[in-house]
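S.K.: Take this structure first; my questions come after.
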Amino acid sequence: MYPELVFTLGDTQIAVSTHALAVAAGVAAGFALALRRARDAAPVLTAAAATALAALAGAHWLFRVMHGGEGRFWTGGLASTGGVAAGLAAVWVAARLTRRPAGELLDALVPAGLLALGVGRIGCFLAGCCYGAPSALPWAVVFPELGPPARHPLQLYSAASDLALVLLVHPERAPAGTIARRTCIGLGLVRFALEFLRDPAATDALVDGWLTLPQAAALLLVGGAAFGLRAPASFDYGIAAEDESACPTRRA
């Protein structure tokens with residue numbers, strides 16, 4: 001594992017966290033994808049910045065709540081469950097403030113957020129956190145800080161599944177929000193399944209031996225997204241419609 005990269009500048013050594021680098025690279029890649037998928041770049045760029053900050057803050061806040069930490073501003077790790085929840089909430093708020101359709105922003109930002117999450121998972125692998133249960137498979141990994149036995153490289157499973165979902169969910173002509181909902185359903189199902197391969201010491205159990213916090217959050221994500229897929233088309237409009245003809249209920 002390579003939790004840090006050390007650089008020497010003159011007489012000074014600078015250590016940089018590989019996890020932090022991966023998170024930064026993921027956020028940058030997410031911004032690029034969001035702008036590529038955006039119909040209107042300006043509101044998407046604003047919403048992407050707010051979403052990235054909210055997701056990082058939410059992920060760190062949940063980690064501190066679950067595991068504690070020192071009193072300094074930024075200590076401890078990140079819990080992706082908190083990041084996903086805070087990120088989705090930030091997109092909704094951004095849609096209200098920019099008077100844009102929430103579904104339209106979500107279609108651009110949810111796959112972008114998933115790309116950022118997938119790249120960030122590579123940093124988890126390099127840092128040796130979020131490890132899997134013991135495994136005899138040929139690609140199982142011995143994490144230096146844990147020692148034998150070899151374990152599932154669960155971080156790489158998560159990264160591969162996240163990136164595969166981004167590739168599978170292509171932009172298409174569909175009601176606003178459809179891409180985001182399909183992405184959320186895929187993420188929730190994959191995350192629920194992968195939790196069965198995680199070491200119990202590397203997750204948060206809600207019902208011992210039955211249900212973990214990430215699994216409960218995954219079920220909520222799938223349920224919320226599936227309900228949205230059955231919602232009528234007017235669900236994606238509201239105050240964001242610029243032309244009253246696009247929302248006939250306004251004339252009633």
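Letters A, B, ... go to the chains of the structure tokens in the order shown; residues in each chain start at 1; ligands are counted from 1 in the same order.
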At a cut-off of 9 Å, using only C-alpha atoms, what residues contact Thr46 in chain A? Leave out same-chain residues fewer than 5 positions from it and give the result as a PDB file with C-alpha atoms, in the first residue's frame.

M.R.:
```
ATOM      1  CA  ALA A  41     -22.859  24.874 -18.260  1.00  0.00           C
ATOM      2  CA  THR A  51     -22.321  19.392  -4.403  1.00  0.00           C
ATOM      3  CA  ALA A  94     -29.002  24.232  -6.083  1.00  0.00           C
ATOM      4  CA  THR A  98     -30.904  28.482  -9.806  1.00  0.00           C
TER       5      THR A  98
END
```

S.K.: As a PyMOL selection string, please: all residues of range 7-224 of chain A that backbone DSSP puts in alpha helix (DSSP H).

M.R.: chain A and resi 18-37+41-67+80-98+102-127+154-168+178-194+213-224

S.K.: For the strand (DSSP E or B) assignment from backbone DSSP, which residues of range 166-236 of chain A qualify? Please present them as a list of chain:residue names.

M.R.: A:Arg198, A:Ala205, A:Leu206, A:Val207, A:Leu211, A:Thr212

S.K.: If you take only C-alpha atoms and a cut-off of 8 Å, which residues of range 83-176 of chain A touch range 55-60 of chain A, and what are their nearest atom pairs and distances in Å to one decimal, in chain and number order, as a tab-separated table?

M.R.:
```
residue	atom	partner	partner_atom	distance
A:Gly83	CA	A:Ala55	CA	3.9
A:Val84	CA	A:Ala55	CA	6.2
A:Ala85	CA	A:Gly58	CA	7.4
A:Ala86	CA	A:Ala55	CA	5.2
A:Gly87	CA	A:Ala55	CA	4.6
```

S.K.: Have a look at CA of Arg173 in chain A and CA of Val190 in chain A and let me know their distance in Å, one decimal.

M.R.: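 CA of Val190 in chain A lies at a distance of 25.3 Å from CA of Arg173 in chain A.
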
S.K.: Quick one: distance from CA of Ala52 in chain A to CA of Phe192 in chain A in Å, one decimal?

M.R.: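 Separation of CA of Ala52 in chain A and CA of Phe192 in chain A: 23.4 Å.
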
S.K.: For Asp204 in chain A, which residue out of A:Ala136, A:Leu53, A:Leu154, A:Cys130 is the nearest one, using only C-alpha atoms?

M.R.: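 Using only C-alpha atoms, Asp204 in chain A sits closest to A:Cys130.
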
S.K.: Rank A:Ala127, A:Ala218, A:Ala102, A:Ala205 by their smallest atom-to-atom distance to Ala89 in chain A, using only C-alpha atoms, and report the top residue only.

M.R.: A:Ala102

S.K.: If I take CA of Gly82 in chain A and CA of Ala133 in chain A, how far is one from the other in Å, to one decimal?

M.R.: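 Distance reported for this atom pair: 22.9 Å.
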
S.K.: So which residues touch Pro148 in chain A within 12 Å, counting only C-alpha atoms, skipping near sequence neighbours fewer than 5 positions away, as a list in words?

M.R.: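 Once the adjacent positions are removed, what remains is Ala133, Pro134, Ser135, Ala136, Ala140, Val141, Val142 and Phe143 of chain A.
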
S.K.: Can you write just those residues out, C-alpha atoms, as an mmCIF file, in the first residue's frame?

M.R.:
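Writing done, so here's out.cif:
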```cif
data_model
loop_
_atom_site.group_PDB
_atom_site.id
_atom_site.type_symbol
_atom_site.label_atom_id
_atom_site.label_comp_id
_atom_site.auth_asym_id
_atom_site.auth_seq_id
_atom_site.Cartn_x
_atom_site.Cartn_y
_atom_site.Cartn_z
ATOM 1 C CA ALA A 133 -13.192 -10.061 4.403
ATOM 2 C CA PRO A 134 -10.513 -12.807 4.288
ATOM 3 C CA SER A 135 -10.413 -14.608 0.941
ATOM 4 C CA ALA A 136 -8.480 -17.429 -0.744
ATOM 5 C CA ALA A 140 -6.805 -11.384 -2.697
ATOM 6 C CA VAL A 141 -4.470 -8.837 -1.093
ATOM 7 C CA VAL A 142 -2.526 -8.805 2.172
ATOM 8 C CA PHE A 143 -2.788 -5.310 3.635
#
```

S.K.: With only C-alpha atoms as the counted atoms, please give the residues lying no more than 9 Å from range 21-24 of chain A, apart from itself and same-chain residues fewer than 4 positions off, as a list in words.

M.R.: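 Surrounding residues, per the criterion: Val16, Ser17, Ala28, Ala29, Ala116, Leu117, Val119, Gly120, Arg121, Ile122, Gly123 and Cys124 of chain A.
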
S.K.: Residues at most 12 Å from Leu109 in chain A, counting only C-alpha atoms, excluding those fewer than 6 positions away in the same chain, as a PDB file with C-alpha atoms, in the first residue's frame?

M.R.:
```
ATOM      1  CA  VAL A  27     -13.649  15.559  -8.067  1.00  0.00           C
ATOM      2  CA  ALA A  29     -12.972  14.090 -13.284  1.00  0.00           C
ATOM      3  CA  GLY A  30     -16.515  14.531 -11.980  1.00  0.00           C
ATOM      4  CA  PHE A  31     -16.494  18.228 -12.881  1.00  0.00           C
ATOM      5  CA  ALA A  32     -15.358  17.384 -16.414  1.00  0.00           C
ATOM      6  CA  LEU A  33     -18.103  14.773 -16.863  1.00  0.00           C
ATOM      7  CA  ALA A  34     -20.790  17.057 -15.425  1.00  0.00           C
ATOM      8  CA  LEU A  35     -19.874  19.840 -17.841  1.00  0.00           C
ATOM      9  CA  ARG A  36     -19.847  17.398 -20.735  1.00  0.00           C
ATOM     10  CA  ARG A  37     -23.358  16.205 -19.904  1.00  0.00           C
ATOM     11  CA  ALA A  38     -24.744  19.636 -19.059  1.00  0.00           C
ATOM     12  CA  ARG A  39     -27.337  21.349 -21.218  1.00  0.00           C
ATOM     13  CA  ALA A  41     -22.859  24.874 -18.260  1.00  0.00           C
ATOM     14  CA  PRO A  43     -25.835  26.359 -13.396  1.00  0.00           C
ATOM     15  CA  VAL A  44     -24.247  22.903 -13.581  1.00  0.00           C
ATOM     16  CA  LEU A  45     -20.817  24.304 -12.712  1.00  0.00           C
ATOM     17  CA  THR A  46     -22.262  26.170  -9.727  1.00  0.00           C
ATOM     18  CA  ALA A  47     -24.220  23.136  -8.575  1.00  0.00           C
ATOM     19  CA  ALA A  48     -21.199  20.860  -9.052  1.00  0.00           C
ATOM     20  CA  ALA A  49     -19.051  23.040  -6.797  1.00  0.00           C
ATOM     21  CA  ALA A  50     -21.740  23.141  -4.091  1.00  0.00           C
ATOM     22  CA  THR A  51     -22.321  19.392  -4.403  1.00  0.00           C
ATOM     23  CA  ALA A  52     -18.621  18.548  -4.101  1.00  0.00           C
ATOM     24  CA  ALA A  55     -20.498  15.649  -0.238  1.00  0.00           C
ATOM     25  CA  VAL A  84     -24.066  10.618  -1.167  1.00  0.00           C
ATOM     26  CA  GLY A  87     -24.564  15.564  -2.306  1.00  0.00           C
ATOM     27  CA  LEU A  88     -28.113  14.735  -3.405  1.00  0.00           C
ATOM     28  CA  ALA A  89     -29.508  17.297  -0.969  1.00  0.00           C
ATOM     29  CA  ALA A  90     -27.103  19.927  -2.321  1.00  0.00           C
ATOM     30  CA  VAL A  91     -28.253  19.304  -5.907  1.00  0.00           C
ATOM     31  CA  TRP A  92     -31.883  19.782  -4.871  1.00  0.00           C
ATOM     32  CA  ALA A  94     -29.002  24.232  -6.083  1.00  0.00           C
ATOM     33  CA  ALA A  95     -31.917  23.489  -8.404  1.00  0.00           C
ATOM     34  CA  ALA A 102     -33.918  19.261 -10.482  1.00  0.00           C
ATOM     35  CA  GLY A 103     -34.014  16.240 -12.788  1.00  0.00           C
ATOM     36  CA  LEU A 115     -17.203   8.866 -11.229  1.00  0.00           C
ATOM     37  CA  ALA A 116     -15.631  10.904  -8.416  1.00  0.00           C
ATOM     38  CA  VAL A 166     -20.897   5.472 -15.348  1.00  0.00           C
ATOM     39  CA  GLY A 177     -34.142  12.638 -13.966  1.00  0.00           C
ATOM     40  CA  ILE A 179     -30.469   8.886 -15.935  1.00  0.00           C
ATOM     41  CA  ALA A 180     -29.931   9.950 -12.327  1.00  0.00           C
ATOM     42  CA  ARG A 181     -32.514   7.517 -11.012  1.00  0.00           C
ATOM     43  CA  THR A 183     -27.640   5.447 -11.705  1.00  0.00           C
ATOM     44  CA  CYS A 184     -28.851   5.618  -8.095  1.00  0.00           C
TER      45      CYS A 184
END
```

S.K.: Which polymer residues have any atom within 8 Å of an atom of range 193-199 of chain A, counting only C-alpha atoms, with same-chain residues fewer than 4 positions away left out, as a ChimeraX atom specification?

M.R.: /A:130-134,152,154,157-158,189,203,212,214-215
